[in-house]
Amino acid sequence: MSVVKTRFAPSPTGYLHIGGARTALFAWLHAKSQNGECLLRIEDTDKERSKDEFTKEIIESFKWLGVEFDEEVVFQSNNANRYKEIIDQLLDQGLAYVCKGEDPEIDKQCRDKNLSRDENTVVRFKMPEKGITVYEDIVKGQIQVENDRLDDFIIERSDGSATYNLCVVVDDLDSKITHVIRGDDHVNNTFKQINVLKALNKEVPTYGHVPMILGEDGKRLSKRHGALGVREYESLGILPEALKNYLLRLGWSLGDDEIFTGEDMKKSFQSGILNKSPATFSMDKLLWFNKYYLDQMSVDQLIEALSSKEFDGSQYSKTILHTIRDRCSTLNEFSINAGYFFKDPKNYDEALIIKYCKKDSFEHLSLLREKFEELKNWEQIYIKEVIEKVIAHFEIGFGKIGLPLRLALTATVNSPSIDLVCQLLGRDITLNRIEKFLTMIKDLKTDQ
RNA sequence: GGCCCGUUCGUCUAGUGGUUAGGACAUCUGGUUUUCAUCCAGGCAACAGGAGUUCGAUUCUCCUACGGGCUACCA
């Protein structure tokens, strides 16, 4: 049995966006789930638009995602001679012809003229004029087209370079690709490529065309539409496993299952089904996957993944991590949600102060601060007792003092239990922040 | 315009010639939480439309509508 071999073949004219990443994932899984190989080929025959930096970016993106390709990266720009060889062969056998490169219909008159090549001519492939071209697509089923709908397409430009549809065929042949898994924007090219293969008397590989991803507005995902590059998700604090899992489930399914780790994917891919229709991207669901994978990580793994100054692996940072992890669904949210544990809040939102601090707040907090100072055991349960006593003393609800206190300590109105926050912050910092806050709201007292 | 492909809750999807059409995300309502988030319980919500085939169609066929792709000396 021959080895399954697939490839992903981007052109380096931009960074790797999630649509491409998903297509690559499918091609890769198709091979890996059958102990096959998958290689990366950079289609850089368009010298104008191809950039080395994009090639690097693409390779880095896959590294981050955990999609590893086999063999060495193939560059089409290295194969110019090979393409020329095939074009010559086609010409020799009368399967292609030289023409002026005008309208296909006009050029067609040169089919049997045997013109000689120069810097003003192009080479066109002779498409069969009758019959139909049919193939069995592993995701879309049988697809066919009448041959008379197909133009004789250009395979060699006037500058002597080969075009996409020729290069693809030659490279796939030379690399012994068995399954061509690619985006469905290539279905129409497939008919051209199959006919070249037939002319060359070569075996036609199996094709599978996966649908595209649409942006959240339902329109085609494009760079202008916020089609973020794979690396941008990294900088948003998305885990590679989460993005991979999300991308897999976008268009592929195995019953009602949602969670697939790297190993699960390889095991299950062949049993699932690929959808035929385009799918709409959803950040919400990606975030849900991200939260799921974040929840699975140990504190140590999180510290490692965060690699931040604050979460340095000290006992304190681990404790903080533990208490805030439920409220974080991206890596980035950890430092956002933990800021006040590491340094004093700088900017207090005036609107919040006005909203939650009434004229009595100064008096309430002052007494609370006094009682805190006298407290012997600085632990959550005792801190809570103190707060309750103060509340009882003033005969007020918890919110009357809890919110201002939370504001004083964290500069926000959402945080873990306020008594816990006090304990973690320590007595000194707690007292200091209340003190500072008191001077801030002092004027407020007289104003109202 | 021509050609190719597609269409199940708002979104990702499961599924079947006879089902209360299932799950997940989002949303809503309760519970837990002195706040927020988490968590738990529950609710709302879909077979694009029209013909046919059939005892019966969401499922099979055709038409229409809508969506996407291609239609380059780009890939």
# chains A, B, ... in the order shown; residues from 1 in each chain; ligands from 1
>>> closest_atom_pairs(of="chain B", to="chain A", cutoff="6 Å", atoms="only C-alpha atoms (C1' of nucleotides)", output="tab-separated table")
residue	atom	partner	partner_atom	distance
B:G6	C1'	A:Ser277	CA	5.1
B:A14	C1'	A:Gly255	CA	5.4
B:G23	C1'	A:Asp256	CA	5.2
B:C25	C1'	A:Lys285	CA	5.0
B:U34	C1'	A:Phe398	CA	5.4
B:U35	C1'	A:Asn414	CA	5.7
B:C36	C1'	A:Asn414	CA	4.1
B:A37	C1'	A:Arg327	CA	4.8
B:U38	C1'	A:Asp326	CA	5.1
B:G69	C1'	A:Asp185	CA	5.2
B:C70	C1'	A:Asn188	CA	5.8
B:C73	C1'	A:Arg157	CA	4.5
>>> write_last_selection(atoms="N, CA and C atoms (P, O5', C5', C4', C3', O3' and C1' of nucleotides)", output="PDB file, in the first residue's frame")
ATOM      1  P     G B   6     -22.871  20.433  -3.924  1.00  0.00           P
ATOM      2  O5'   G B   6     -23.260  21.479  -2.780  1.00  0.00           O
ATOM      3  C5'   G B   6     -22.635  21.408  -1.511  1.00  0.00           C
ATOM      4  C4'   G B   6     -22.828  22.708  -0.776  1.00  0.00           C
ATOM      5  C3'   G B   6     -24.195  22.948  -0.156  1.00  0.00           C
ATOM      6  O3'   G B   6     -24.255  22.327   1.114  1.00  0.00           O
ATOM      7  C1'   G B   6     -23.520  24.882  -1.316  1.00  0.00           C
ATOM      8  P     A B  14     -22.610  17.914  10.489  1.00  0.00           P
ATOM      9  O5'   A B  14     -23.403  17.152  11.645  1.00  0.00           O
ATOM     10  C5'   A B  14     -22.674  16.445  12.634  1.00  0.00           C
ATOM     11  C4'   A B  14     -23.616  15.690  13.541  1.00  0.00           C
ATOM     12  C3'   A B  14     -24.590  14.749  12.858  1.00  0.00           C
ATOM     13  O3'   A B  14     -23.949  13.549  12.477  1.00  0.00           O
ATOM     14  C1'   A B  14     -25.670  15.926  14.597  1.00  0.00           C
ATOM     15  P     G B  23     -30.246  18.524  23.367  1.00  0.00           P
ATOM     16  O5'   G B  23     -28.692  18.649  23.085  1.00  0.00           O
ATOM     17  C5'   G B  23     -27.783  17.682  23.606  1.00  0.00           C
ATOM     18  C4'   G B  23     -26.413  17.909  23.044  1.00  0.00           C
ATOM     19  C3'   G B  23     -25.808  19.286  23.299  1.00  0.00           C
ATOM     20  O3'   G B  23     -25.242  19.385  24.589  1.00  0.00           O
ATOM     21  C1'   G B  23     -25.477  18.687  21.042  1.00  0.00           C
ATOM     22  P     C B  25     -21.597  25.314  25.669  1.00  0.00           P
ATOM     23  O5'   C B  25     -21.330  26.472  24.605  1.00  0.00           O
ATOM     24  C5'   C B  25     -20.001  26.812  24.235  1.00  0.00           C
ATOM     25  C4'   C B  25     -20.028  27.942  23.230  1.00  0.00           C
ATOM     26  C3'   C B  25     -20.809  29.180  23.657  1.00  0.00           C
ATOM     27  O3'   C B  25     -20.043  30.018  24.494  1.00  0.00           O
ATOM     28  C1'   C B  25     -21.404  28.609  21.460  1.00  0.00           C
ATOM     29  P     U B  34     -20.918  35.573  49.520  1.00  0.00           P
ATOM     30  O5'   U B  34     -21.690  36.786  48.860  1.00  0.00           O
ATOM     31  C5'   U B  34     -23.059  37.022  49.172  1.00  0.00           C
ATOM     32  C4'   U B  34     -23.269  38.507  49.298  1.00  0.00           C
ATOM     33  C3'   U B  34     -22.677  39.279  48.122  1.00  0.00           C
ATOM     34  O3'   U B  34     -23.660  39.423  47.098  1.00  0.00           O
ATOM     35  C1'   U B  34     -21.931  40.223  50.166  1.00  0.00           C
ATOM     36  P     U B  35     -23.234  38.936  45.610  1.00  0.00           P
ATOM     37  O5'   U B  35     -22.369  40.139  45.057  1.00  0.00           O
ATOM     38  C5'   U B  35     -22.968  41.430  44.893  1.00  0.00           C
ATOM     39  C4'   U B  35     -22.104  42.249  43.958  1.00  0.00           C
ATOM     40  C3'   U B  35     -21.786  41.564  42.643  1.00  0.00           C
ATOM     41  O3'   U B  35     -22.810  41.809  41.693  1.00  0.00           O
ATOM     42  C1'   U B  35     -19.803  42.437  43.585  1.00  0.00           C
ATOM     43  P     C B  36     -23.217  40.676  40.665  1.00  0.00           P
ATOM     44  O5'   C B  36     -21.981  40.584  39.670  1.00  0.00           O
ATOM     45  C5'   C B  36     -21.648  41.686  38.831  1.00  0.00           C
ATOM     46  C4'   C B  36     -20.284  41.457  38.244  1.00  0.00           C
ATOM     47  C3'   C B  36     -20.078  40.103  37.572  1.00  0.00           C
ATOM     48  O3'   C B  36     -20.615  40.076  36.257  1.00  0.00           O
ATOM     49  C1'   C B  36     -18.235  40.568  38.950  1.00  0.00           C
ATOM     50  P     A B  37     -21.218  38.705  35.669  1.00  0.00           P
ATOM     51  O5'   A B  37     -19.935  37.747  35.607  1.00  0.00           O
ATOM     52  C5'   A B  37     -18.967  37.934  34.580  1.00  0.00           C
ATOM     53  C4'   A B  37     -17.755  37.085  34.867  1.00  0.00           C
ATOM     54  C3'   A B  37     -17.956  35.579  34.873  1.00  0.00           C
ATOM     55  O3'   A B  37     -17.999  35.021  33.579  1.00  0.00           O
ATOM     56  C1'   A B  37     -16.633  36.201  36.717  1.00  0.00           C
ATOM     57  P     U B  38     -18.902  33.691  33.308  1.00  0.00           P
ATOM     58  O5'   U B  38     -18.212  32.594  34.228  1.00  0.00           O
ATOM     59  C5'   U B  38     -16.908  32.119  33.906  1.00  0.00           C
ATOM     60  C4'   U B  38     -16.417  31.226  35.015  1.00  0.00           C
ATOM     61  C3'   U B  38     -17.214  29.949  35.222  1.00  0.00           C
ATOM     62  O3'   U B  38     -16.815  28.953  34.291  1.00  0.00           O
ATOM     63  C1'   U B  38     -16.824  30.962  37.304  1.00  0.00           C
ATOM     64  P     G B  69     -16.487  34.503  -2.419  1.00  0.00           P
ATOM     65  O5'   G B  69     -15.978  33.319  -3.342  1.00  0.00           O
ATOM     66  C5'   G B  69     -15.057  32.365  -2.837  1.00  0.00           C
ATOM     67  C4'   G B  69     -14.876  31.261  -3.835  1.00  0.00           C
ATOM     68  C3'   G B  69     -14.324  31.700  -5.183  1.00  0.00           C
ATOM     69  O3'   G B  69     -12.920  31.839  -5.126  1.00  0.00           O
ATOM     70  C1'   G B  69     -16.139  30.241  -5.517  1.00  0.00           C
ATOM     71  P     C B  70     -12.235  32.991  -5.986  1.00  0.00           P
ATOM     72  O5'   C B  70     -12.272  32.384  -7.461  1.00  0.00           O
ATOM     73  C5'   C B  70     -11.585  31.170  -7.739  1.00  0.00           C
ATOM     74  C4'   C B  70     -11.999  30.672  -9.095  1.00  0.00           C
ATOM     75  C3'   C B  70     -11.857  31.670 -10.234  1.00  0.00           C
ATOM     76  O3'   C B  70     -10.518  31.747 -10.693  1.00  0.00           O
ATOM     77  C1'   C B  70     -13.948  30.597 -10.391  1.00  0.00           C
ATOM     78  P     C B  73      -4.340  36.003 -18.837  1.00  0.00           P
ATOM     79  O5'   C B  73      -2.778  35.863 -18.576  1.00  0.00           O
ATOM     80  C5'   C B  73      -2.218  34.603 -18.317  1.00  0.00           C
ATOM     81  C4'   C B  73      -0.836  34.887 -17.858  1.00  0.00           C
ATOM     82  C3'   C B  73      -0.824  36.170 -17.003  1.00  0.00           C
ATOM     83  O3'   C B  73      -0.456  35.871 -15.681  1.00  0.00           O
ATOM     84  C1'   C B  73       0.689  36.302 -18.909  1.00  0.00           C
TER      85        C B  73
END
>>> residues_around(residues="B:U53", least_positions_apart="5", cutoff="12 Å", atoms="only C-alpha atoms (C1' of nucleotides)", output="ChimeraX atom specification")
/B:17,60-62
>>> write_last_selection(atoms="C-alpha atoms (C1' of nucleotides)", output="PDB file, in the first residue's frame")
ATOM      1  C1'   G B  17     -38.152   7.976   4.206  1.00  0.00           C
ATOM      2  C1'   C B  60     -34.993  11.369  -2.800  1.00  0.00           C
ATOM      3  C1'   U B  61     -35.785  14.415  -7.786  1.00  0.00           C
ATOM      4  C1'   C B  62     -36.608  19.081 -10.314  1.00  0.00           C
TER       5        C B  62
END
>>> select_by_dssp(residues="stretch 80-273 of chain A", states="helix (DSSP H, G or I)", output="PyMOL selection string")
chain A and resi 80-92+104-110+147-149+164-174+184-199+223-225+230-235+240-249+262-271
>>> atom_distance(atom1="atom CA of A:Leu274", atom2="atom CA of A:Val139")
6.2 Å
>>> residues_around(residues="A:Leu368", least_positions_apart="3", cutoff="9 Å", atoms="only C-alpha atoms (C1' of nucleotides)", output="PyMOL selection string")
chain A and resi 363-365+371-373+386-387+390+401
>>> residues_around(residues="B:A41", least_positions_apart="5", cutoff="12 Å", atoms="only C-alpha atoms (C1' of nucleotides)", output="JSON, numbers by chain")
{"B": [29, 30, 31, 32]}
>>> write_last_selection(atoms="N, CA and C atoms (P, O5', C5', C4', C3', O3' and C1' of nucleotides)", output="CSV table (one decimal), in the first residue's frame")
chain,number,residue,atom,x,y,z
B,29,U,P,-32.8,37.7,32.0
B,29,U,O5',-33.5,36.4,32.7
B,29,U,C5',-34.9,36.2,32.6
B,29,U,C4',-35.2,35.0,33.3
B,29,U,C3',-34.6,34.8,34.7
B,29,U,O3',-35.2,35.6,35.6
B,29,U,C1',-34.4,32.8,33.5
B,30,G,P,-34.6,35.8,37.1
B,30,G,O5',-34.9,34.4,37.7
B,30,G,C5',-34.5,34.1,39.0
B,30,G,C4',-34.5,32.6,39.2
B,30,G,C3',-33.4,32.1,40.1
B,30,G,O3',-33.8,32.4,41.4
B,30,G,C1',-33.4,30.8,38.2
B,31,G,P,-32.8,33.2,42.4
B,31,G,O5',-31.8,32.0,42.8
B,31,G,C5',-32.4,30.7,43.3
B,31,G,C4',-31.3,29.7,43.4
B,31,G,C3',-30.0,30.2,44.0
B,31,G,O3',-30.0,30.3,45.4
B,31,G,C1',-29.6,28.9,42.0
B,32,U,P,-29.2,31.4,46.1
B,32,U,O5',-27.7,30.9,45.9
B,32,U,C5',-27.3,29.6,46.5
B,32,U,C4',-25.9,29.3,46.1
B,32,U,C3',-24.9,30.4,46.4
B,32,U,O3',-24.5,30.4,47.7
B,32,U,C1',-24.6,29.6,44.2
>>> closest_residue(among="A:Lys202, A:Arg82, A:Lys32, A:Arg231", to="A:Glu57", atoms="only C-alpha atoms")
A:Arg231
>>> closest_residue(among="B:A75, B:U20, B:A57, B:U33", to="A:Cys167", atoms="only C-alpha atoms (C1' of nucleotides)")
B:A75
>>> select_by_dssp(residues="stretch 78-263 of chain A", states="strand (DSSP E)", output="PyMOL selection string")
chain A and resi 96-99+122-125+132-137+141-146+154-156+179-183+206-210+213-214+252-253
>>> write_last_selection(atoms="N, CA and C atoms", output="mmCIF file, in the first residue's frame")
data_model
loop_
_atom_site.group_PDB
_atom_site.id
_atom_site.type_symbol
_atom_site.label_atom_id
_atom_site.label_comp_id
_atom_site.auth_asym_id
_atom_site.auth_seq_id
_atom_site.Cartn_x
_atom_site.Cartn_y
_atom_site.Cartn_z
ATOM 1 N N ALA A 96 0.434 21.321 -26.571
ATOM 2 C CA ALA A 96 0.370 22.739 -26.221
ATOM 3 C C ALA A 96 0.814 23.499 -27.455
ATOM 4 N N TYR A 97 0.571 24.812 -27.463
ATOM 5 C CA TYR A 97 0.943 25.572 -28.648
ATOM 6 C C TYR A 97 1.352 27.001 -28.322
ATOM 7 N N VAL A 98 2.160 27.536 -29.192
ATOM 8 C CA VAL A 98 2.637 28.908 -29.031
ATOM 9 C C VAL A 98 1.629 29.849 -29.690
ATOM 10 N N CYS A 99 1.373 30.995 -29.029
ATOM 11 C CA CYS A 99 0.456 31.976 -29.620
ATOM 12 C C CYS A 99 0.785 33.359 -29.079
ATOM 13 N N VAL A 122 3.190 33.467 -25.795
ATOM 14 C CA VAL A 122 2.930 32.657 -24.608
ATOM 15 C C VAL A 122 2.633 31.241 -25.094
ATOM 16 N N VAL A 123 2.613 30.305 -24.151
ATOM 17 C CA VAL A 123 2.256 28.933 -24.515
ATOM 18 C C VAL A 123 0.934 28.585 -23.853
ATOM 19 N N ARG A 124 0.026 28.055 -24.650
ATOM 20 C CA ARG A 124 -1.264 27.622 -24.099
ATOM 21 C C ARG A 124 -1.372 26.110 -24.159
ATOM 22 N N PHE A 125 -2.104 25.572 -23.180
ATOM 23 C CA PHE A 125 -2.341 24.136 -23.143
ATOM 24 C C PHE A 125 -3.564 23.817 -24.001
ATOM 25 N N ILE A 132 -16.460 15.314 -21.283
ATOM 26 C CA ILE A 132 -16.522 15.989 -19.997
ATOM 27 C C ILE A 132 -15.337 15.558 -19.142
ATOM 28 N N THR A 133 -14.990 16.424 -18.206
ATOM 29 C CA THR A 133 -13.965 16.070 -17.235
ATOM 30 C C THR A 133 -14.689 15.828 -15.913
ATOM 31 N N VAL A 134 -14.493 14.674 -15.352
ATOM 32 C CA VAL A 134 -15.165 14.294 -14.109
ATOM 33 C C VAL A 134 -14.137 13.875 -13.072
ATOM 34 N N TYR A 135 -14.407 14.146 -11.844
ATOM 35 C CA TYR A 135 -13.580 13.559 -10.793
ATOM 36 C C TYR A 135 -14.407 13.421 -9.527
ATOM 37 N N GLU A 136 -13.923 12.575 -8.642
ATOM 38 C CA GLU A 136 -14.621 12.313 -7.390
ATOM 39 C C GLU A 136 -13.911 13.085 -6.289
ATOM 40 N N ASP A 137 -14.574 14.093 -5.776
ATOM 41 C CA ASP A 137 -13.974 14.913 -4.724
ATOM 42 C C ASP A 137 -14.278 14.273 -3.372
ATOM 43 N N GLY A 141 -17.947 15.166 -3.347
ATOM 44 C CA GLY A 141 -18.570 14.154 -4.197
ATOM 45 C C GLY A 141 -18.183 14.367 -5.643
ATOM 46 N N GLN A 142 -18.959 13.772 -6.546
ATOM 47 C CA GLN A 142 -18.585 13.874 -7.959
ATOM 48 C C GLN A 142 -18.825 15.281 -8.519
ATOM 49 N N ILE A 143 -17.820 15.784 -9.214
ATOM 50 C CA ILE A 143 -17.951 17.092 -9.855
ATOM 51 C C ILE A 143 -17.543 16.942 -11.314
ATOM 52 N N GLN A 144 -18.287 17.603 -12.191
ATOM 53 C CA GLN A 144 -17.945 17.477 -13.604
ATOM 54 C C GLN A 144 -18.206 18.768 -14.376
ATOM 55 N N VAL A 145 -17.566 18.877 -15.498
ATOM 56 C CA VAL A 145 -17.797 20.048 -16.338
ATOM 57 C C VAL A 145 -17.608 19.634 -17.799
ATOM 58 N N GLU A 146 -18.327 20.305 -18.658
ATOM 59 C CA GLU A 146 -18.214 20.039 -20.095
ATOM 60 C C GLU A 146 -16.879 20.620 -20.575
ATOM 61 N N ILE A 154 -3.088 29.533 -20.332
ATOM 62 C CA ILE A 154 -1.665 29.827 -20.518
ATOM 63 C C ILE A 154 -0.822 29.047 -19.524
ATOM 64 N N ILE A 155 0.177 28.353 -20.006
ATOM 65 C CA ILE A 155 1.069 27.640 -19.093
ATOM 66 C C ILE A 155 2.461 28.277 -19.049
ATOM 67 N N GLU A 156 2.779 29.094 -20.088
ATOM 68 C CA GLU A 156 4.060 29.800 -20.039
ATOM 69 C C GLU A 156 3.848 31.258 -20.430
ATOM 70 N N HIS A 179 -2.840 12.829 -2.334
ATOM 71 C CA HIS A 179 -4.114 13.485 -2.062
ATOM 72 C C HIS A 179 -3.923 14.994 -2.033
ATOM 73 N N VAL A 180 -4.646 15.670 -2.905
ATOM 74 C CA VAL A 180 -4.564 17.124 -2.927
ATOM 75 C C VAL A 180 -5.736 17.684 -2.131
ATOM 76 N N ILE A 181 -5.440 18.154 -0.903
ATOM 77 C CA ILE A 181 -6.482 18.734 -0.059
ATOM 78 C C ILE A 181 -6.236 20.235 -0.052
ATOM 79 N N ARG A 182 -7.202 21.005 -0.525
ATOM 80 C CA ARG A 182 -6.988 22.455 -0.622
ATOM 81 C C ARG A 182 -8.313 23.177 -0.523
ATOM 82 N N GLY A 183 -8.275 24.491 -0.548
ATOM 83 C CA GLY A 183 -9.479 25.296 -0.434
ATOM 84 C C GLY A 183 -10.358 25.142 -1.665
ATOM 85 N N THR A 206 -6.001 12.001 -5.787
ATOM 86 C CA THR A 206 -7.335 12.187 -5.221
ATOM 87 C C THR A 206 -7.447 13.637 -4.778
ATOM 88 N N TYR A 207 -8.585 14.263 -5.064
ATOM 89 C CA TYR A 207 -8.760 15.653 -4.669
ATOM 90 C C TYR A 207 -9.798 15.791 -3.568
ATOM 91 N N GLY A 208 -9.591 16.789 -2.728
ATOM 92 C CA GLY A 208 -10.572 17.108 -1.696
ATOM 93 C C GLY A 208 -10.564 18.617 -1.514
ATOM 94 N N HIS A 209 -11.716 19.245 -1.705
ATOM 95 C CA HIS A 209 -11.771 20.704 -1.595
ATOM 96 C C HIS A 209 -12.584 21.134 -0.395
ATOM 97 N N VAL A 210 -11.909 21.741 0.551
ATOM 98 C CA VAL A 210 -12.608 22.155 1.763
ATOM 99 C C VAL A 210 -13.148 23.572 1.598
ATOM 100 N N ILE A 213 -13.745 29.778 4.999
ATOM 101 C CA ILE A 213 -14.303 30.339 6.233
ATOM 102 C C ILE A 213 -14.814 31.737 5.909
ATOM 103 N N LEU A 214 -15.964 32.071 6.474
ATOM 104 C CA LEU A 214 -16.521 33.409 6.303
ATOM 105 C C LEU A 214 -16.274 34.215 7.575
ATOM 106 N N TRP A 252 -15.772 20.418 10.342
ATOM 107 C CA TRP A 252 -15.559 18.976 10.478
ATOM 108 C C TRP A 252 -16.240 18.540 11.754
ATOM 109 N N SER A 253 -16.842 17.387 11.748
ATOM 110 C CA SER A 253 -17.490 16.946 12.981
ATOM 111 C C SER A 253 -17.479 15.437 13.107
#
>>> closest_residue(among="A:Asn147, A:Thr319, A:Gln193, A:Lys343", to="A:Lys130", atoms="only C-alpha atoms")
A:Asn147
>>> atom_distance(atom1="atom CA of A:Met297", atom2="atom CA of A:Gln380")
26.7 Å
>>> atom_distance(atom1="atom C1' of B:A21", atom2="atom C1' of B:C9")
10.6 Å
>>> closest_residue(among="A:Glu310, A:Asp360, A:Asp52, A:Glu203", to="A:Ile336", atoms="only C-alpha atoms")
A:Glu310
>>> residues_around(residues="B:A45", least_positions_apart="4", cutoff="12 Å", atoms="only C-alpha atoms (C1' of nucleotides)", output="number ranges by chain")
B: 9-10, 26-28
>>> closest_atom_pairs(of="stretch 169-259 of chain A", to="stretch 63-72 of chain A", cutoff="10 Å", atoms="only C-alpha atoms", output="CSV")
residue,atom,partner,partner_atom,distance
A:Val230,CA,A:Leu65,CA,8.3
A:Arg231,CA,A:Trp64,CA,8.1
A:Glu234,CA,A:Trp64,CA,8.4
A:Leu239,CA,A:Leu65,CA,8.6
A:Pro240,CA,A:Leu65,CA,5.0
A:Glu241,CA,A:Leu65,CA,7.2
A:Ala242,CA,A:Leu65,CA,9.5
A:Leu243,CA,A:Leu65,CA,7.9
A:Lys244,CA,A:Leu65,CA,7.0
>>> decode(residues="stretch 88-109 of chain A", atoms="N, CA and C atoms", output="compact mmCIF listing (two decimals), in the first residue's frame")
# COMPACT_ATOMS: atom_id res chain seq x y z
N ASP A 88 8.22 22.10 -22.72
CA ASP A 88 8.85 21.68 -23.97
C ASP A 88 8.28 20.34 -24.44
N GLN A 89 8.16 19.46 -23.47
CA GLN A 89 7.63 18.13 -23.79
C GLN A 89 6.21 18.23 -24.36
N LEU A 90 5.39 19.04 -23.70
CA LEU A 90 4.01 19.24 -24.16
C LEU A 90 3.99 19.80 -25.57
N LEU A 91 4.89 20.74 -25.83
CA LEU A 91 4.98 21.39 -27.14
C LEU A 91 5.40 20.37 -28.20
N ASP A 92 6.41 19.58 -27.85
CA ASP A 92 6.92 18.56 -28.77
C ASP A 92 5.84 17.58 -29.17
N GLN A 93 5.03 17.24 -28.18
CA GLN A 93 4.00 16.23 -28.44
C GLN A 93 2.73 16.84 -29.03
N GLY A 94 2.78 18.15 -29.28
CA GLY A 94 1.61 18.80 -29.86
C GLY A 94 0.45 18.93 -28.90
N LEU A 95 0.75 18.94 -27.59
CA LEU A 95 -0.32 19.04 -26.60
C LEU A 95 -0.46 20.47 -26.08
N ALA A 96 0.43 21.32 -26.57
CA ALA A 96 0.37 22.74 -26.22
C ALA A 96 0.81 23.50 -27.45
N TYR A 97 0.57 24.81 -27.46
CA TYR A 97 0.94 25.57 -28.65
C TYR A 97 1.35 27.00 -28.32
N VAL A 98 2.16 27.54 -29.19
CA VAL A 98 2.64 28.91 -29.03
C VAL A 98 1.63 29.85 -29.69
N CYS A 99 1.37 31.00 -29.03
CA CYS A 99 0.46 31.98 -29.62
C CYS A 99 0.79 33.36 -29.08
N LYS A 100 -0.02 34.34 -29.49
CA LYS A 100 0.30 35.74 -29.15
C LYS A 100 -0.09 36.17 -27.73
N GLY A 101 -0.95 35.39 -27.10
CA GLY A 101 -1.39 35.80 -25.77
C GLY A 101 -2.47 36.86 -25.84
N GLU A 102 -3.39 36.65 -26.76
CA GLU A 102 -4.52 37.58 -26.86
C GLU A 102 -5.74 36.90 -26.29
N ASP A 103 -6.88 37.22 -26.82
CA ASP A 103 -8.10 36.56 -26.38
C ASP A 103 -7.99 35.05 -26.65
N PRO A 104 -8.42 34.23 -25.72
CA PRO A 104 -8.30 32.78 -25.90
C PRO A 104 -8.87 32.30 -27.23
N GLU A 105 -9.96 32.91 -27.64
CA GLU A 105 -10.60 32.48 -28.89
C GLU A 105 -9.72 32.79 -30.11
N ILE A 106 -9.09 33.94 -30.06
CA ILE A 106 -8.20 34.32 -31.17
C ILE A 106 -6.94 33.46 -31.15
N ASP A 107 -6.39 33.31 -29.94
CA ASP A 107 -5.19 32.49 -29.80
C ASP A 107 -5.41 31.07 -30.31
N LYS A 108 -6.63 30.63 -30.11
CA LYS A 108 -6.97 29.24 -30.46
C LYS A 108 -6.67 28.92 -31.93
N GLN A 109 -6.71 29.97 -32.76
CA GLN A 109 -6.45 29.75 -34.19
C GLN A 109 -5.00 29.33 -34.43
